[in-house]
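A.B. asks: Following this message is one structure expressed as structure tokens.
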Amino acid sequence: MWIKACLNGGQTRAEHPAVPVTPDEVAAAAAASVGAGAVAVHLHQRDAAGRQSLRAVDVGAVVAAVRRACPGLPVGVTTGLWISAGDVGRRLAEVTRWADLPVGERPDFASVNVGEPGFADLVAALRAAGIGVEPGVWSIADALALALALAGAGAGPWVRVLVEVPDGPVGTATADADAILARLDDLAVPGPRLLHGDGARCWPLVAHAGRLGLATRIGLEDVLVGPDGEPVADNADLVRRAVTVWGAARRPV
């Protein structure tokens, strides 16, 4: 079982009171999630005002805090283009500065959405900084784009390929996921898969990841309630429930 805790995303405390914002809050949430069964974390770094940020100083502060609380824990961050208001050049410039961070403040990996402009250049910048890449694949078209990127300089190997099935009809969640996974396999895209959903699709895809024996993720970034719509206390509570759902769905080998 391999579960990554996605601790905050773009959520606010207005959406759930346990959303961690400051570096110390994120570090505490990471430690509690590890205690509940998570083996890595993904976070959205924030500035002093609580806004999502790509600035090296904000990345370094939260990564260092998590490392102090959880020595040896793999730590990943976002590179979402929305953080730079869609400015591809500004995002690249900010991420390029991550190479200047001390090793202890540099993330182990970063997620990069394949469908966002500037994918190849961003991957190259992360690799130059010694940071691994998790490409986010949201569609069959993204799977093809990722396969084509393998021919480009600096592309691959990937830490993991994130099969991210966005919010949509719950009834088609597993079929949509299977279509993307099959396309990645058909195109021989290397790298371990991590399957997860968002909102109402989150819990069905945690279970589907269990059935397929794939890694998954859970946390307040993706969902604010339990598998039956029940309230949850925090990220650690979600991780504990995901461990149960994943394990119950796992097919005997």
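FYI, nothing fancy with the structure tokens labels: chains A, B, ... in order, residues from 1 per chain, ligands from 1 as they appear.
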Run DSSP on the backbone and tell me which residues of range 5-137 of chain A come out as alpha helix (DSSP H); list them as JSON, numbers by chain.
C.D. replies: {"A": [23, 24, 25, 26, 27, 28, 29, 30, 31, 32, 33, 34, 35, 36, 56, 57, 58, 59, 60, 61, 62, 63, 64, 65, 66, 67, 68, 69, 88, 89, 90, 91, 92, 93, 94, 95, 96, 119, 120, 121, 122, 123, 124, 125, 126, 127, 128]}
A.B. asks: Which of range 62-233 of chain A end up as strand (DSSP E or B) when DSSP is run on this backbone - answer as a ChimeraX atom specification?
C.D. replies: /A:75-78,109-113,132-137,161-165,193-197,215-218,225,231
A.B. asks: Next, write the just-selected residues to a file, as a tab-separated table (two decimals), in the first residue's frame, keeping N, CA, C and O atoms as the atom set.
C.D. replies:
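Wrote it out as result28.tsv, contents follow:
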```
chain	number	residue	atom	x	y	z
A	75	VAL	N	8.98	14.66	0.06
A	75	VAL	CA	8.15	15.86	0.06
A	75	VAL	C	8.02	16.38	-1.37
A	75	VAL	O	9.02	16.63	-2.04
A	76	GLY	N	6.76	16.56	-1.81
A	76	GLY	CA	6.50	17.10	-3.14
A	76	GLY	C	5.69	18.37	-3.07
A	76	GLY	O	4.95	18.61	-2.11
A	77	VAL	N	5.85	19.20	-4.10
A	77	VAL	CA	5.16	20.49	-4.15
A	77	VAL	C	4.47	20.66	-5.51
A	77	VAL	O	4.69	19.88	-6.44
A	78	THR	N	3.66	21.70	-5.60
A	78	THR	CA	2.95	22.00	-6.84
A	78	THR	C	3.73	23.00	-7.69
A	78	THR	O	4.55	23.76	-7.19
A	109	PHE	N	10.38	16.18	-5.12
A	109	PHE	CA	9.72	16.09	-6.41
A	109	PHE	C	8.67	17.18	-6.52
A	109	PHE	O	8.29	17.81	-5.53
A	110	ALA	N	8.23	17.42	-7.74
A	110	ALA	CA	7.19	18.42	-8.00
A	110	ALA	C	6.24	17.86	-9.04
A	110	ALA	O	6.66	17.14	-9.97
A	111	SER	N	4.97	18.17	-8.90
A	111	SER	CA	3.99	17.76	-9.90
A	111	SER	C	3.90	18.82	-10.98
A	111	SER	O	3.93	20.02	-10.70
A	112	VAL	N	3.80	18.37	-12.23
A	112	VAL	CA	3.71	19.27	-13.39
A	112	VAL	C	2.58	18.75	-14.27
A	112	VAL	O	2.63	17.61	-14.75
A	113	ASN	N	1.57	19.56	-14.49
A	113	ASN	CA	0.44	19.13	-15.31
A	113	ASN	C	0.82	19.14	-16.78
A	113	ASN	O	1.21	20.18	-17.33
A	132	GLY	N	12.85	15.76	-8.70
A	132	GLY	CA	12.14	14.80	-9.53
A	132	GLY	C	10.82	15.35	-10.03
A	132	GLY	O	10.30	16.33	-9.48
A	133	VAL	N	10.27	14.71	-11.05
A	133	VAL	CA	9.05	15.20	-11.68
A	133	VAL	C	7.96	14.13	-11.65
A	133	VAL	O	8.20	12.97	-12.00
A	134	GLU	N	6.76	14.55	-11.23
A	134	GLU	CA	5.55	13.74	-11.34
A	134	GLU	C	4.64	14.41	-12.37
A	134	GLU	O	3.99	15.41	-12.06
A	135	PRO	N	4.60	13.91	-13.60
A	135	PRO	CA	3.69	14.52	-14.58
A	135	PRO	C	2.24	14.17	-14.25
A	135	PRO	O	1.91	13.03	-13.93
A	136	GLY	N	1.38	15.18	-14.33
A	136	GLY	CA	-0.05	14.98	-14.07
A	136	GLY	C	-0.80	14.78	-15.37
A	136	GLY	O	-0.81	15.66	-16.24
A	137	VAL	N	-1.40	13.61	-15.52
A	137	VAL	CA	-2.11	13.24	-16.74
A	137	VAL	C	-3.60	13.23	-16.43
A	137	VAL	O	-4.07	12.41	-15.65
A	161	VAL	N	3.83	8.68	-12.51
A	161	VAL	CA	2.88	9.31	-13.42
A	161	VAL	C	1.56	9.44	-12.68
A	161	VAL	O	0.97	8.44	-12.26
A	162	LEU	N	1.12	10.68	-12.47
A	162	LEU	CA	-0.12	10.93	-11.73
A	162	LEU	C	-1.30	10.86	-12.69
A	162	LEU	O	-1.43	11.71	-13.57
A	163	VAL	N	-2.11	9.86	-12.54
A	163	VAL	CA	-3.35	9.77	-13.32
A	163	VAL	C	-4.42	10.46	-12.49
A	163	VAL	O	-4.94	9.92	-11.52
A	164	GLU	N	-4.71	11.71	-12.87
A	164	GLU	CA	-5.60	12.57	-12.10
A	164	GLU	C	-6.92	12.67	-12.85
A	164	GLU	O	-6.98	13.26	-13.92
A	165	VAL	N	-7.97	12.08	-12.29
A	165	VAL	CA	-9.27	12.08	-12.95
A	165	VAL	C	-10.11	13.17	-12.29
A	165	VAL	O	-10.58	13.02	-11.18
A	193	ARG	N	2.50	4.24	-11.64
A	193	ARG	CA	1.28	5.04	-11.71
A	193	ARG	C	0.74	5.34	-10.31
A	193	ARG	O	0.82	4.49	-9.42
A	194	LEU	N	0.20	6.54	-10.18
A	194	LEU	CA	-0.57	6.90	-9.00
A	194	LEU	C	-1.94	7.35	-9.47
A	194	LEU	O	-2.03	8.26	-10.30
A	195	LEU	N	-2.99	6.73	-8.98
A	195	LEU	CA	-4.35	7.02	-9.42
A	195	LEU	C	-5.12	7.75	-8.33
A	195	LEU	O	-5.15	7.31	-7.18
A	196	HIS	N	-5.75	8.87	-8.70
A	196	HIS	CA	-6.58	9.56	-7.73
A	196	HIS	C	-7.62	10.40	-8.43
A	196	HIS	O	-7.53	10.70	-9.61
A	197	GLY	N	-8.64	10.78	-7.67
A	197	GLY	CA	-9.71	11.62	-8.19
A	197	GLY	C	-9.89	12.86	-7.35
A	197	GLY	O	-9.11	13.14	-6.43
A	215	ALA	N	-0.62	2.94	-6.42
A	215	ALA	CA	-0.53	3.99	-5.42
A	215	ALA	C	-1.70	4.95	-5.58
A	215	ALA	O	-2.31	5.05	-6.65
A	216	THR	N	-2.02	5.65	-4.50
A	216	THR	CA	-3.07	6.66	-4.56
A	216	THR	C	-2.71	7.81	-3.64
A	216	THR	O	-1.63	7.82	-3.03
A	217	ARG	N	-3.58	8.79	-3.56
A	217	ARG	CA	-3.36	9.89	-2.63
A	217	ARG	C	-4.70	10.31	-2.05
A	217	ARG	O	-5.75	10.04	-2.62
A	218	ILE	N	-4.63	10.99	-0.93
A	218	ILE	CA	-5.83	11.47	-0.24
A	218	ILE	C	-5.44	12.67	0.61
A	218	ILE	O	-4.31	12.78	1.07
A	225	VAL	N	-14.70	15.20	2.84
A	225	VAL	CA	-15.57	14.29	3.59
A	225	VAL	C	-15.08	12.86	3.41
A	225	VAL	O	-14.24	12.57	2.55
A	231	PRO	N	-18.45	13.74	7.91
A	231	PRO	CA	-17.42	14.72	8.24
A	231	PRO	C	-16.10	14.03	8.62
A	231	PRO	O	-16.10	12.92	9.17
```
A.B. asks: When you count only C-alpha atoms, which of these residues is closest to Asp198 in chain A: A:Glu221, A:Asp100, A:Glu25, A:Asp178?
C.D. replies: A:Glu221
A.B. asks: Could you pull the residues within 8 Å of range 58-74 of chain A, counting only C-alpha atoms, minus those fewer than 2 positions along the same chain, as an mmCIF file with N, CA, C and O atoms, in the first residue's frame?
C.D. replies:
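Result saved to around_5.cif:
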```
data_model
loop_
_atom_site.group_PDB
_atom_site.id
_atom_site.type_symbol
_atom_site.label_atom_id
_atom_site.label_comp_id
_atom_site.auth_asym_id
_atom_site.auth_seq_id
_atom_site.Cartn_x
_atom_site.Cartn_y
_atom_site.Cartn_z
ATOM 1 N N THR A 22 0.265 27.583 7.264
ATOM 2 C CA THR A 22 1.626 28.003 7.596
ATOM 3 C C THR A 22 2.578 26.804 7.529
ATOM 4 O O THR A 22 2.145 25.643 7.605
ATOM 5 N N PRO A 23 3.888 27.052 7.394
ATOM 6 C CA PRO A 23 4.830 25.927 7.388
ATOM 7 C C PRO A 23 4.698 25.008 8.595
ATOM 8 O O PRO A 23 4.737 23.779 8.448
ATOM 9 N N ASP A 24 4.540 25.569 9.785
ATOM 10 C CA ASP A 24 4.419 24.723 10.982
ATOM 11 C C ASP A 24 3.137 23.894 10.950
ATOM 12 O O ASP A 24 3.131 22.724 11.370
ATOM 13 N N VAL A 26 1.556 22.888 8.212
ATOM 14 C CA VAL A 26 1.758 21.855 7.190
ATOM 15 C C VAL A 26 2.634 20.730 7.740
ATOM 16 O O VAL A 26 2.357 19.540 7.530
ATOM 17 N N ALA A 27 3.685 21.101 8.477
ATOM 18 C CA ALA A 27 4.568 20.089 9.048
ATOM 19 C C ALA A 27 3.827 19.208 10.045
ATOM 20 O O ALA A 27 4.003 17.974 10.061
ATOM 21 N N ALA A 28 2.980 19.808 10.881
ATOM 22 C CA ALA A 28 2.205 19.023 11.845
ATOM 23 C C ALA A 28 1.224 18.101 11.128
ATOM 24 O O ALA A 28 1.040 16.936 11.522
ATOM 25 N N ALA A 30 1.615 16.887 8.136
ATOM 26 C CA ALA A 30 2.415 15.837 7.511
ATOM 27 C C ALA A 30 2.750 14.742 8.523
ATOM 28 O O ALA A 30 2.613 13.544 8.241
ATOM 29 N N ALA A 31 3.204 15.137 9.710
ATOM 30 C CA ALA A 31 3.568 14.152 10.732
ATOM 31 C C ALA A 31 2.371 13.309 11.141
ATOM 32 O O ALA A 31 2.475 12.076 11.288
ATOM 33 N N VAL A 39 2.997 7.698 3.170
ATOM 34 C CA VAL A 39 4.436 7.469 3.007
ATOM 35 C C VAL A 39 5.114 8.600 2.231
ATOM 36 O O VAL A 39 6.325 8.553 1.995
ATOM 37 N N ALA A 40 4.361 9.609 1.838
ATOM 38 C CA ALA A 40 4.895 10.799 1.178
ATOM 39 C C ALA A 40 3.837 11.887 1.308
ATOM 40 O O ALA A 40 2.682 11.613 1.642
ATOM 41 N N VAL A 41 4.242 13.132 1.053
ATOM 42 C CA VAL A 41 3.272 14.220 1.097
ATOM 43 C C VAL A 41 3.425 15.099 -0.142
ATOM 44 O O VAL A 41 4.509 15.218 -0.721
ATOM 45 N N GLN A 45 2.607 25.227 -1.416
ATOM 46 C CA GLN A 45 3.322 26.193 -0.613
ATOM 47 C C GLN A 45 2.589 27.540 -0.648
ATOM 48 O O GLN A 45 1.993 27.917 -1.646
ATOM 49 N N ARG A 46 2.630 28.231 0.495
ATOM 50 C CA ARG A 46 1.926 29.510 0.643
ATOM 51 C C ARG A 46 2.896 30.601 1.071
ATOM 52 O O ARG A 46 3.935 30.326 1.673
ATOM 53 N N ASP A 47 2.493 31.846 0.800
ATOM 54 C CA ASP A 47 3.281 32.979 1.289
ATOM 55 C C ASP A 47 2.771 33.392 2.668
ATOM 56 O O ASP A 47 1.895 32.735 3.254
ATOM 57 N N SER A 53 2.015 30.077 -3.657
ATOM 58 C CA SER A 53 3.207 30.789 -4.100
ATOM 59 C C SER A 53 4.167 29.849 -4.816
ATOM 60 O O SER A 53 4.230 28.651 -4.513
ATOM 61 N N LEU A 54 4.940 30.410 -5.729
ATOM 62 C CA LEU A 54 6.030 29.685 -6.385
ATOM 63 C C LEU A 54 7.398 30.231 -5.968
ATOM 64 O O LEU A 54 8.426 29.741 -6.436
ATOM 65 N N ARG A 55 7.411 31.224 -5.092
ATOM 66 C CA ARG A 55 8.664 31.846 -4.694
ATOM 67 C C ARG A 55 9.535 30.853 -3.922
ATOM 68 O O ARG A 55 9.060 30.112 -3.063
ATOM 69 N N ALA A 56 10.814 30.878 -4.228
ATOM 70 C CA ALA A 56 11.742 29.943 -3.596
ATOM 71 C C ALA A 56 11.717 30.056 -2.077
ATOM 72 O O ALA A 56 11.779 29.049 -1.367
ATOM 73 N N GLY A 76 6.765 16.562 -1.813
ATOM 74 C CA GLY A 76 6.503 17.096 -3.138
ATOM 75 C C GLY A 76 5.694 18.374 -3.071
ATOM 76 O O GLY A 76 4.954 18.611 -2.111
ATOM 77 N N VAL A 77 5.851 19.202 -4.104
ATOM 78 C CA VAL A 77 5.158 20.489 -4.154
ATOM 79 C C VAL A 77 4.470 20.657 -5.508
ATOM 80 O O VAL A 77 4.687 19.884 -6.440
ATOM 81 N N TRP A 98 14.503 27.711 -7.659
ATOM 82 C CA TRP A 98 14.528 26.669 -6.638
ATOM 83 C C TRP A 98 15.894 25.982 -6.577
ATOM 84 O O TRP A 98 16.254 25.417 -5.551
ATOM 85 N N LEU A 101 18.101 26.944 -3.679
ATOM 86 C CA LEU A 101 17.746 26.584 -2.308
ATOM 87 C C LEU A 101 18.753 25.593 -1.735
ATOM 88 O O LEU A 101 19.263 24.713 -2.452
ATOM 89 N N GLY A 104 18.390 20.985 1.971
ATOM 90 C CA GLY A 104 17.367 20.688 2.969
ATOM 91 C C GLY A 104 16.066 21.418 2.763
ATOM 92 O O GLY A 104 15.055 21.087 3.381
ATOM 93 N N GLU A 105 16.075 22.436 1.904
ATOM 94 C CA GLU A 105 14.860 23.199 1.629
ATOM 95 C C GLU A 105 14.301 22.923 0.234
ATOM 96 O O GLU A 105 13.289 23.504 -0.141
ATOM 97 N N ARG A 106 14.968 22.042 -0.490
ATOM 98 C CA ARG A 106 14.556 21.746 -1.855
ATOM 99 C C ARG A 106 13.628 20.530 -1.846
ATOM 100 O O ARG A 106 13.930 19.518 -1.218
ATOM 101 N N PRO A 107 12.476 20.591 -2.522
ATOM 102 C CA PRO A 107 11.578 19.428 -2.532
ATOM 103 C C PRO A 107 12.200 18.232 -3.244
ATOM 104 O O PRO A 107 13.089 18.390 -4.094
ATOM 105 N N ASP A 108 11.736 17.061 -2.890
ATOM 106 C CA ASP A 108 12.198 15.844 -3.559
ATOM 107 C C ASP A 108 11.619 15.724 -4.958
ATOM 108 O O ASP A 108 12.270 15.210 -5.868
ATOM 109 N N PHE A 109 10.376 16.178 -5.121
ATOM 110 C CA PHE A 109 9.717 16.086 -6.414
ATOM 111 C C PHE A 109 8.672 17.185 -6.523
ATOM 112 O O PHE A 109 8.288 17.808 -5.525
#
```
A.B. asks: So, counting only C-alpha atoms, which residue among A:Arg160, A:Arg183, A:Val223, A:Ile3 is closest to Trp246 in chain A?
C.D. replies: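 Looking only at the distances to Trp246 in chain A, the closest residue turns out to be A:Ile3.
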A.B. asks: Using only C-alpha atoms, which protein or nucleic acid residues come within 9 Å of Ala207 in chain A? Drop anything in the same chain fewer than 2 positions from it, and give the result as a PDB file with N, CA, C and O atoms, in the first residue's frame.
C.D. replies:
```pdb
ATOM      1  N   CYS A 202     -13.269  11.082  -5.748  1.00  0.00           N
ATOM      2  CA  CYS A 202     -12.082  10.733  -4.975  1.00  0.00           C
ATOM      3  C   CYS A 202     -12.156   9.324  -4.403  1.00  0.00           C
ATOM      4  O   CYS A 202     -11.293   8.483  -4.659  1.00  0.00           O
ATOM      5  N   TRP A 203     -13.189   9.051  -3.611  1.00  0.00           N
ATOM      6  CA  TRP A 203     -13.250   7.766  -2.914  1.00  0.00           C
ATOM      7  C   TRP A 203     -13.420   6.576  -3.849  1.00  0.00           C
ATOM      8  O   TRP A 203     -12.762   5.534  -3.638  1.00  0.00           O
ATOM      9  N   PRO A 204     -14.254   6.655  -4.901  1.00  0.00           N
ATOM     10  CA  PRO A 204     -14.302   5.521  -5.840  1.00  0.00           C
ATOM     11  C   PRO A 204     -12.945   5.201  -6.453  1.00  0.00           C
ATOM     12  O   PRO A 204     -12.631   4.030  -6.709  1.00  0.00           O
ATOM     13  N   LEU A 205     -12.120   6.225  -6.666  1.00  0.00           N
ATOM     14  CA  LEU A 205     -10.828   5.973  -7.285  1.00  0.00           C
ATOM     15  C   LEU A 205      -9.773   5.521  -6.282  1.00  0.00           C
ATOM     16  O   LEU A 205      -8.828   4.825  -6.650  1.00  0.00           O
ATOM     17  N   ALA A 209      -7.886   2.185  -7.133  1.00  0.00           N
ATOM     18  CA  ALA A 209      -6.441   2.025  -7.002  1.00  0.00           C
ATOM     19  C   ALA A 209      -6.116   0.778  -6.185  1.00  0.00           C
ATOM     20  O   ALA A 209      -5.175   0.037  -6.506  1.00  0.00           O
ATOM     21  N   GLY A 210      -6.892   0.534  -5.132  1.00  0.00           N
ATOM     22  CA  GLY A 210      -6.688  -0.683  -4.353  1.00  0.00           C
ATOM     23  C   GLY A 210      -6.910  -1.929  -5.180  1.00  0.00           C
ATOM     24  O   GLY A 210      -6.117  -2.878  -5.128  1.00  0.00           O
ATOM     25  N   ARG A 211      -7.981  -1.943  -5.964  1.00  0.00           N
ATOM     26  CA  ARG A 211      -8.255  -3.112  -6.811  1.00  0.00           C
ATOM     27  C   ARG A 211      -7.111  -3.376  -7.788  1.00  0.00           C
ATOM     28  O   ARG A 211      -6.779  -4.534  -8.076  1.00  0.00           O
ATOM     29  N   LEU A 212      -6.529  -2.302  -8.301  1.00  0.00           N
ATOM     30  CA  LEU A 212      -5.465  -2.433  -9.297  1.00  0.00           C
ATOM     31  C   LEU A 212      -4.079  -2.546  -8.675  1.00  0.00           C
ATOM     32  O   LEU A 212      -3.093  -2.763  -9.383  1.00  0.00           O
ATOM     33  N   ALA A 242      -8.616   6.144   4.009  1.00  0.00           N
ATOM     34  CA  ALA A 242      -8.135   5.665   2.712  1.00  0.00           C
ATOM     35  C   ALA A 242      -7.402   4.336   2.842  1.00  0.00           C
ATOM     36  O   ALA A 242      -7.525   3.460   1.965  1.00  0.00           O
ATOM     37  N   VAL A 245     -10.177   1.800   2.935  1.00  0.00           N
ATOM     38  CA  VAL A 245     -10.851   1.638   1.631  1.00  0.00           C
ATOM     39  C   VAL A 245      -9.942   0.946   0.628  1.00  0.00           C
ATOM     40  O   VAL A 245     -10.368   0.025  -0.072  1.00  0.00           O
ATOM     41  N   TRP A 246      -8.696   1.381   0.549  1.00  0.00           N
ATOM     42  CA  TRP A 246      -7.738   0.767  -0.372  1.00  0.00           C
ATOM     43  C   TRP A 246      -7.545  -0.709  -0.038  1.00  0.00           C
ATOM     44  O   TRP A 246      -7.580  -1.565  -0.921  1.00  0.00           O
ATOM     45  N   GLY A 247      -7.334  -0.993   1.244  1.00  0.00           N
ATOM     46  CA  GLY A 247      -7.090  -2.378   1.647  1.00  0.00           C
ATOM     47  C   GLY A 247      -8.281  -3.282   1.431  1.00  0.00           C
ATOM     48  O   GLY A 247      -8.127  -4.446   1.023  1.00  0.00           O
ATOM     49  N   ALA A 248      -9.484  -2.776   1.670  1.00  0.00           N
ATOM     50  CA  ALA A 248     -10.682  -3.592   1.485  1.00  0.00           C
ATOM     51  C   ALA A 248     -10.910  -3.931   0.024  1.00  0.00           C
ATOM     52  O   ALA A 248     -11.464  -4.986  -0.302  1.00  0.00           O
ATOM     53  N   ALA A 249     -10.482  -3.030  -0.872  1.00  0.00           N
ATOM     54  CA  ALA A 249     -10.709  -3.253  -2.307  1.00  0.00           C
ATOM     55  C   ALA A 249      -9.622  -4.111  -2.948  1.00  0.00           C
ATOM     56  O   ALA A 249      -9.840  -4.620  -4.057  1.00  0.00           O
ATOM     57  N   ARG A 250      -8.502  -4.271  -2.279  1.00  0.00           N
ATOM     58  CA  ARG A 250      -7.363  -4.941  -2.894  1.00  0.00           C
ATOM     59  C   ARG A 250      -7.691  -6.388  -3.237  1.00  0.00           C
ATOM     60  O   ARG A 250      -8.177  -7.157  -2.414  1.00  0.00           O
TER      61      ARG A 250
END
```
A.B. asks: Need to verify the contact set: Leu224 in chain A, 9 Å, only C-alpha atoms, exclusion of same-chain residues closer than 5 positions in sequence. Can you return it as a PDB file with C-alpha atoms, in the first residue's frame?
C.D. replies:
```pdb
ATOM      1  CA  GLU A  15     -13.875  25.150   3.412  1.00  0.00           C
ATOM      2  CA  HIS A  16     -12.452  23.014   6.230  1.00  0.00           C
ATOM      3  CA  GLY A 199     -14.387  15.653  -5.108  1.00  0.00           C
ATOM      4  CA  GLY A 219      -6.134  14.688   1.698  1.00  0.00           C
ATOM      5  CA  GLY A 229     -20.046  11.739   2.920  1.00  0.00           C
ATOM      6  CA  PRO A 231     -17.417  14.721   8.238  1.00  0.00           C
ATOM      7  CA  VAL A 232     -13.677  14.191   8.762  1.00  0.00           C
ATOM      8  CA  ASP A 234      -8.273  16.417   9.256  1.00  0.00           C
ATOM      9  CA  LEU A 238      -8.664  10.969   5.621  1.00  0.00           C
TER      10      LEU A 238
END
```
A.B. asks: For the atom pair CA of Ala182 in chain A and CA of Pro117 in chain A, what is the interatomic distance in Å to one decimal place?
C.D. replies: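 Between these atoms lies a distance of 24.4 Å.
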A.B. asks: Neighbouring residues of Leu122 in chain A were defined as those with any atom within 10 Å, considering only C-alpha atoms; residues of the same chain fewer than 6 positions away were excluded. Please report them as a list in words.
C.D. replies: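 So the residues in contact are Thr79, Val88, Gly89, Arg91, Leu92, Ala93, Val95, Thr96, Val112, Ala128 and Val133 of chain A.
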A.B. asks: Save the residues we just selected, N, CA and C atoms, as a PDB file, in the first residue's frame?
C.D. replies:
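Generated file (part.pdb):
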```
ATOM      1  N   THR A  79       3.435  22.970  -8.991  1.00  0.00           N
ATOM      2  CA  THR A  79       3.929  23.995  -9.917  1.00  0.00           C
ATOM      3  C   THR A  79       2.762  24.566 -10.722  1.00  0.00           C
ATOM      4  N   VAL A  88       3.396  31.836 -18.131  1.00  0.00           N
ATOM      5  CA  VAL A  88       4.329  30.715 -18.266  1.00  0.00           C
ATOM      6  C   VAL A  88       5.755  31.150 -17.950  1.00  0.00           C
ATOM      7  N   GLY A  89       6.157  32.322 -18.450  1.00  0.00           N
ATOM      8  CA  GLY A  89       7.514  32.797 -18.227  1.00  0.00           C
ATOM      9  C   GLY A  89       7.799  33.088 -16.768  1.00  0.00           C
ATOM     10  N   ARG A  91       6.284  31.727 -14.167  1.00  0.00           N
ATOM     11  CA  ARG A  91       6.379  30.452 -13.447  1.00  0.00           C
ATOM     12  C   ARG A  91       7.753  29.824 -13.639  1.00  0.00           C
ATOM     13  N   LEU A  92       8.230  29.786 -14.889  1.00  0.00           N
ATOM     14  CA  LEU A  92       9.532  29.176 -15.160  1.00  0.00           C
ATOM     15  C   LEU A  92      10.643  29.900 -14.410  1.00  0.00           C
ATOM     16  N   ALA A  93      10.587  31.221 -14.383  1.00  0.00           N
ATOM     17  CA  ALA A  93      11.618  31.985 -13.682  1.00  0.00           C
ATOM     18  C   ALA A  93      11.615  31.683 -12.189  1.00  0.00           C
ATOM     19  N   VAL A  95      10.451  28.920 -10.648  1.00  0.00           N
ATOM     20  CA  VAL A  95      10.869  27.534 -10.391  1.00  0.00           C
ATOM     21  C   VAL A  95      12.369  27.372 -10.633  1.00  0.00           C
ATOM     22  N   THR A  96      12.905  28.064 -11.609  1.00  0.00           N
ATOM     23  CA  THR A  96      14.341  27.983 -11.869  1.00  0.00           C
ATOM     24  C   THR A  96      15.143  28.398 -10.640  1.00  0.00           C
ATOM     25  N   VAL A 112       3.804  18.373 -12.233  1.00  0.00           N
ATOM     26  CA  VAL A 112       3.714  19.267 -13.388  1.00  0.00           C
ATOM     27  C   VAL A 112       2.582  18.752 -14.273  1.00  0.00           C
ATOM     28  N   ALA A 128      17.284  20.307 -13.624  1.00  0.00           N
ATOM     29  CA  ALA A 128      18.520  21.051 -13.384  1.00  0.00           C
ATOM     30  C   ALA A 128      18.699  21.366 -11.902  1.00  0.00           C
ATOM     31  N   VAL A 133      10.268  14.708 -11.049  1.00  0.00           N
ATOM     32  CA  VAL A 133       9.048  15.200 -11.683  1.00  0.00           C
ATOM     33  C   VAL A 133       7.963  14.127 -11.654  1.00  0.00           C
TER      34      VAL A 133
END
```
A.B. asks: Produce a table with one row for each residue of range 150-192 of chain A that has an atom at most 8 Å from any atom of range 142-146 of chain A, each row naming the nearest atom pair and its distance in Å at one decimal; use only C-alpha atoms; arrange rows by chain and rising residue number; format as JSON lines.
C.D. replies:
```
{"residue": "A:Leu150", "atom": "CA", "partner": "A:Leu146", "partner_atom": "CA", "distance": 6.6}
{"residue": "A:Ile180", "atom": "CA", "partner": "A:Ala143", "partner_atom": "CA", "distance": 6.8}
{"residue": "A:Arg183", "atom": "CA", "partner": "A:Ala143", "partner_atom": "CA", "distance": 6.5}
{"residue": "A:Leu184", "atom": "CA", "partner": "A:Ala143", "partner_atom": "CA", "distance": 5.6}
{"residue": "A:Leu187", "atom": "CA", "partner": "A:Leu144", "partner_atom": "CA", "distance": 7.3}
{"residue": "A:Val189", "atom": "CA", "partner": "A:Leu146", "partner_atom": "CA", "distance": 7.6}
```
A.B. asks: Just to confirm, what's the straight-line distance from CA of Ala38 in chain A to CA of Ser84 in chain A in Å (one decimal)?
C.D. replies: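 That distance, rounded to one decimal, is 29.4 Å.
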A.B. asks: Counting only C-alpha atoms, which residue out of A:Ala18, A:Leu181, A:Val57, A:Val123 sits closest to Pro157 in chain A?
C.D. replies: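 Checking each candidate against Pro157 in chain A, we get A:Val123 as the closest.
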A.B. asks: Distance CA of Val170 in chain A-CA of Arg201 in chain A, one decimal place?
C.D. replies: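 Between CA of Val170 in chain A and CA of Arg201 in chain A the gap works out to 5.3 Å.
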A.B. asks: Please determine, counting only C-alpha atoms, which residue among A:Ala175, A:Ala200, A:Leu43, A:Val159 has the shortest atom-to-atom distance to Ala5 in chain A.
C.D. replies: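 Closest to Ala5 in chain A, using only C-alpha atoms: A:Leu43.
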